[in-house]
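Note: the block below is coords-v6.pdb and it holds PDB, C-alpha atoms, pLDDT in the B column.
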ATOM      1  CA  MET A 759     -45.180 -53.086 212.197  1.00 95.00           C
ATOM      2  CA  VAL A 760     -42.079 -55.215 211.682  1.00 97.00           C
ATOM      3  CA  MET A 761     -42.519 -58.150 209.311  1.00 96.00           C
ATOM      4  CA  ASP A 762     -40.112 -61.084 209.164  1.00 93.00           C
ATOM      5  CA  ALA A 763     -41.120 -64.233 207.255  1.00 88.00           C
ATOM      6  CA  THR A 764     -39.248 -66.607 209.547  1.00 90.00           C
ATOM      7  CA  VAL A 765     -37.675 -65.899 212.925  1.00 94.00           C
ATOM      8  CA  ALA A 766     -35.103 -68.430 214.121  1.00 92.00           C
ATOM      9  CA  THR A 767     -32.915 -66.743 216.744  1.00 93.00           C
ATOM     10  CA  GLY A 768     -34.727 -63.404 216.663  1.00 95.00           C
ATOM     11  CA  ALA A 769     -31.534 -61.422 215.984  1.00 95.00           C
ATOM     12  CA  ALA A 770     -32.719 -59.717 212.764  1.00 96.00           C
ATOM     13  CA  ALA A 771     -36.096 -58.818 214.255  1.00 97.00           C
ATOM     14  CA  MET A 772     -34.422 -57.428 217.381  1.00 97.00           C
ATOM     15  CA  MET A 773     -32.162 -55.227 215.240  1.00 98.00           C
ATOM     16  CA  ALA A 774     -35.200 -53.897 213.352  1.00 97.00           C
ATOM     17  CA  ILE A 775     -37.024 -53.208 216.624  1.00 98.00           C
ATOM     18  CA  ARG A 776     -33.909 -51.449 217.957  1.00 98.00           C
ATOM     19  CA  VAL A 777     -33.927 -49.134 214.900  1.00 98.00           C
ATOM     20  CA  LEU A 778     -37.550 -48.203 215.585  1.00 98.00           C
ATOM     21  CA  LEU A 779     -36.788 -47.538 219.243  1.00 98.00           C
ATOM     22  CA  ASP A 780     -33.776 -45.413 218.240  1.00 98.00           C
ATOM     23  CA  HIS A 781     -36.186 -43.331 216.139  1.00 98.00           C
ATOM     24  CA  ASP A 782     -38.428 -42.701 219.162  1.00 98.00           C
ATOM     25  CA  VAL A 783     -41.170 -45.223 218.365  1.00 98.00           C
ATOM     26  CA  PRO A 784     -42.609 -46.336 221.722  1.00 98.00           C
ATOM     27  CA  GLU A 785     -42.056 -50.054 222.354  1.00 98.00           C
ATOM     28  CA  GLU A 786     -45.750 -50.606 223.052  1.00 98.00           C
ATOM     29  CA  ASN A 787     -46.547 -49.315 219.518  1.00 98.00           C
ATOM     30  CA  ILE A 788     -44.433 -51.991 217.804  1.00 98.00           C
ATOM     31  CA  MET A 789     -45.842 -55.251 216.439  1.00 98.00           C
ATOM     32  CA  LEU A 790     -43.736 -58.097 215.043  1.00 98.00           C
ATOM     33  CA  CYS A 791     -45.520 -60.249 212.444  1.00 97.00           C
ATOM     34  CA  SER A 792     -44.081 -63.543 211.208  1.00 95.00           C
ATOM     35  CA  LEU A 793     -45.190 -66.653 209.345  1.00 91.00           C
ATOM     36  CA  LEU A 794     -43.048 -69.014 211.393  1.00 92.00           C
ATOM     37  CA  MET A 795     -40.976 -68.584 214.538  1.00 94.00           C
ATOM     38  CA  ALA A 796     -38.712 -70.861 216.541  1.00 94.00           C
ATOM     39  CA  GLU A 797     -39.532 -71.036 220.229  1.00 94.00           C
ATOM     40  CA  SER A 798     -36.098 -69.703 221.148  1.00 94.00           C
ATOM     41  CA  GLY A 799     -36.626 -66.667 218.901  1.00 95.00           C
ATOM     42  CA  VAL A 800     -39.947 -65.891 220.549  1.00 96.00           C
ATOM     43  CA  HIS A 801     -38.342 -66.082 223.995  1.00 96.00           C
ATOM     44  CA  SER A 802     -35.387 -63.888 222.995  1.00 96.00           C
ATOM     45  CA  ILE A 803     -37.579 -61.150 221.554  1.00 97.00           C
ATOM     46  CA  ALA A 804     -40.127 -61.256 224.369  1.00 97.00           C
ATOM     47  CA  TYR A 805     -37.361 -61.066 226.982  1.00 98.00           C
ATOM     48  CA  ALA A 806     -35.580 -58.162 225.271  1.00 97.00           C
ATOM     49  CA  PHE A 807     -38.737 -56.215 224.376  1.00 98.00           C
ATOM     50  CA  PRO A 808     -41.597 -57.231 226.678  1.00 98.00           C
ATOM     51  CA  LYS A 809     -43.992 -54.559 225.369  1.00 98.00           C
ATOM     52  CA  VAL A 810     -43.695 -55.579 221.690  1.00 98.00           C
ATOM     53  CA  VAL A 811     -46.702 -57.531 220.421  1.00 98.00           C
ATOM     54  CA  ILE A 812     -45.678 -60.759 218.640  1.00 98.00           C
ATOM     55  CA  ILE A 813     -48.010 -62.223 216.000  1.00 97.00           C
ATOM     56  CA  THR A 814     -47.187 -65.496 214.230  1.00 95.00           C
ATOM     57  CA  THR A 815     -49.010 -68.367 212.549  1.00 91.00           C
ATOM     58  CA  GLU A 816     -46.830 -71.135 214.004  1.00 90.00           C
ATOM     59  CA  VAL A 817     -44.105 -71.738 216.584  1.00 92.00           C
ATOM     60  CA  ASP A 818     -41.701 -74.601 215.883  1.00 90.00           C
ATOM     61  CA  PRO A 819     -39.733 -76.155 218.755  1.00 89.00           C
ATOM     62  CA  GLU A 820     -36.094 -75.587 217.828  1.00 87.00           C
ATOM     63  CA  VAL A 821     -33.329 -74.443 215.494  1.00 88.00           C
ATOM     64  CA  ASN A 822     -30.621 -76.780 214.207  1.00 87.00           C
ATOM     65  CA  GLU A 823     -26.839 -76.327 214.160  1.00 89.00           C
ATOM     66  CA  ASN A 824     -27.180 -74.167 211.007  1.00 84.00           C
ATOM     67  CA  PHE A 825     -29.763 -71.963 212.757  1.00 84.00           C
ATOM     68  CA  TYR A 826     -32.624 -73.202 210.554  1.00 81.00           C
ATOM     69  CA  ILE A 827     -36.031 -73.616 212.155  1.00 84.00           C
ATOM     70  CA  VAL A 828     -36.878 -77.299 212.674  1.00 81.00           C
ATOM     71  CA  PRO A 829     -39.032 -78.665 211.154  1.00 77.00           C
ATOM     72  CA  GLY A 830     -39.525 -75.278 209.417  1.00 74.00           C
ATOM     73  CA  ILE A 831     -40.700 -74.489 205.900  1.00 73.00           C
ATOM     74  CA  GLY A 832     -37.439 -74.692 203.959  1.00 64.00           C
ATOM     75  CA  ASN A 833     -35.776 -71.590 202.576  1.00 66.00           C
ATOM     76  CA  PHE A 834     -38.598 -69.042 202.486  1.00 65.00           C
ATOM     77  CA  GLY A 835     -36.831 -66.759 199.992  1.00 65.00           C
ATOM     78  CA  ASP A 836     -36.271 -69.584 197.517  1.00 67.00           C
ATOM     79  CA  ARG A 837     -39.845 -70.744 197.834  1.00 68.00           C
ATOM     80  CA  PHE A 838     -41.317 -67.246 197.589  1.00 71.00           C
ATOM     81  CA  PHE A 839     -39.215 -66.061 194.632  1.00 73.00           C
ATOM     82  CA  GLY A 840     -39.007 -69.428 192.848  1.00 73.00           C
ATOM     83  CA  THR A 841     -35.210 -69.528 193.004  1.00 72.00           C
ATOM     84  CA  GLU A 842     -32.896 -72.347 194.021  1.00 68.00           C
ATOM     85  CA  SER A 843     -30.384 -72.511 196.826  1.00 58.00           C
ATOM     86  CA  LEU A 844     -26.716 -72.486 195.793  1.00 54.00           C
ATOM     87  CA  SER A 845     -25.793 -75.137 198.367  1.00 53.00           C
TER      88      SER A 845
END
Structure re-expressed in structure tokens:
Amino acid sequence: MVMDATVATGAAAMMAIRVLLDHDVPEENIMLCSLLMAESGVHSIAYAFPKVVIITTEVDPEVNENFYIVPGIGNFGDRFFGTESLS
């Protein structure tokens, strides 16, 4: 089970899935769980790994020029850990 709080482009999740595959985990035994995913991220992962099960609570329509999910949930790490963004 791969867990990623938010998936925008899908790149980080695909790297994690690739590590599992490199360690001989069958693709059909991998599940990706996420709180929020951008539609483009879902498509990228599903295209690259069609046998991986994708579980999410919400799919938002797009990512912006900074690769943030729109409308999204803000910075998940800052919200979860109670920290503030440096920007």
I need the residue nearest His801 in chain A from this list: A:Asn824, A:Gly768, A:Thr814, A:Val783. Use only C-alpha atoms for the distance. A:Gly768
Identify the residues around (-38.0, -54.9, 209.9) within a radius of 10 Å, measuring from only C-alpha atoms in the coordinates stated by the file, and give them as number ranges by chain. A: 759-762, 770-778, 790-791
Residue among A:Glu785, A:Asp780, A:Glu823, A:Glu816 lying closest to Val800 in chain A, counting only C-alpha atoms: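 Checking each of A:Glu785, A:Asp780, A:Glu823, A:Glu816 against Val800 in chain A, counting only C-alpha atoms, the winner is A:Glu816.
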When the PyMOL selection byres ((chain A and resi 810) around 9) is applied to the structure above, which residues does it catch, written out as a PyMOL selection string? chain A and resi 775+785-790+803-804+807-809+811-812
Which residues are near Leu793 in chain A? Cut-off 6 Å, all atoms listed in the file, ignore same chain within fewer than 3 positions. Put them as an MDAnalysis selection string. chainID A and resid 763:764 814:815
Pairwise distance, CA of Glu797 in chain A with CA of Tyr826 in chain A, equals 12.1 Å
Using Å and a single decimal, report how far CA of Ser802 in chain A sits from CA of Pro784 in chain A.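 Value for the CA of Pro784 in chain A-CA of Ser802 in chain A distance: 19.0 Å.
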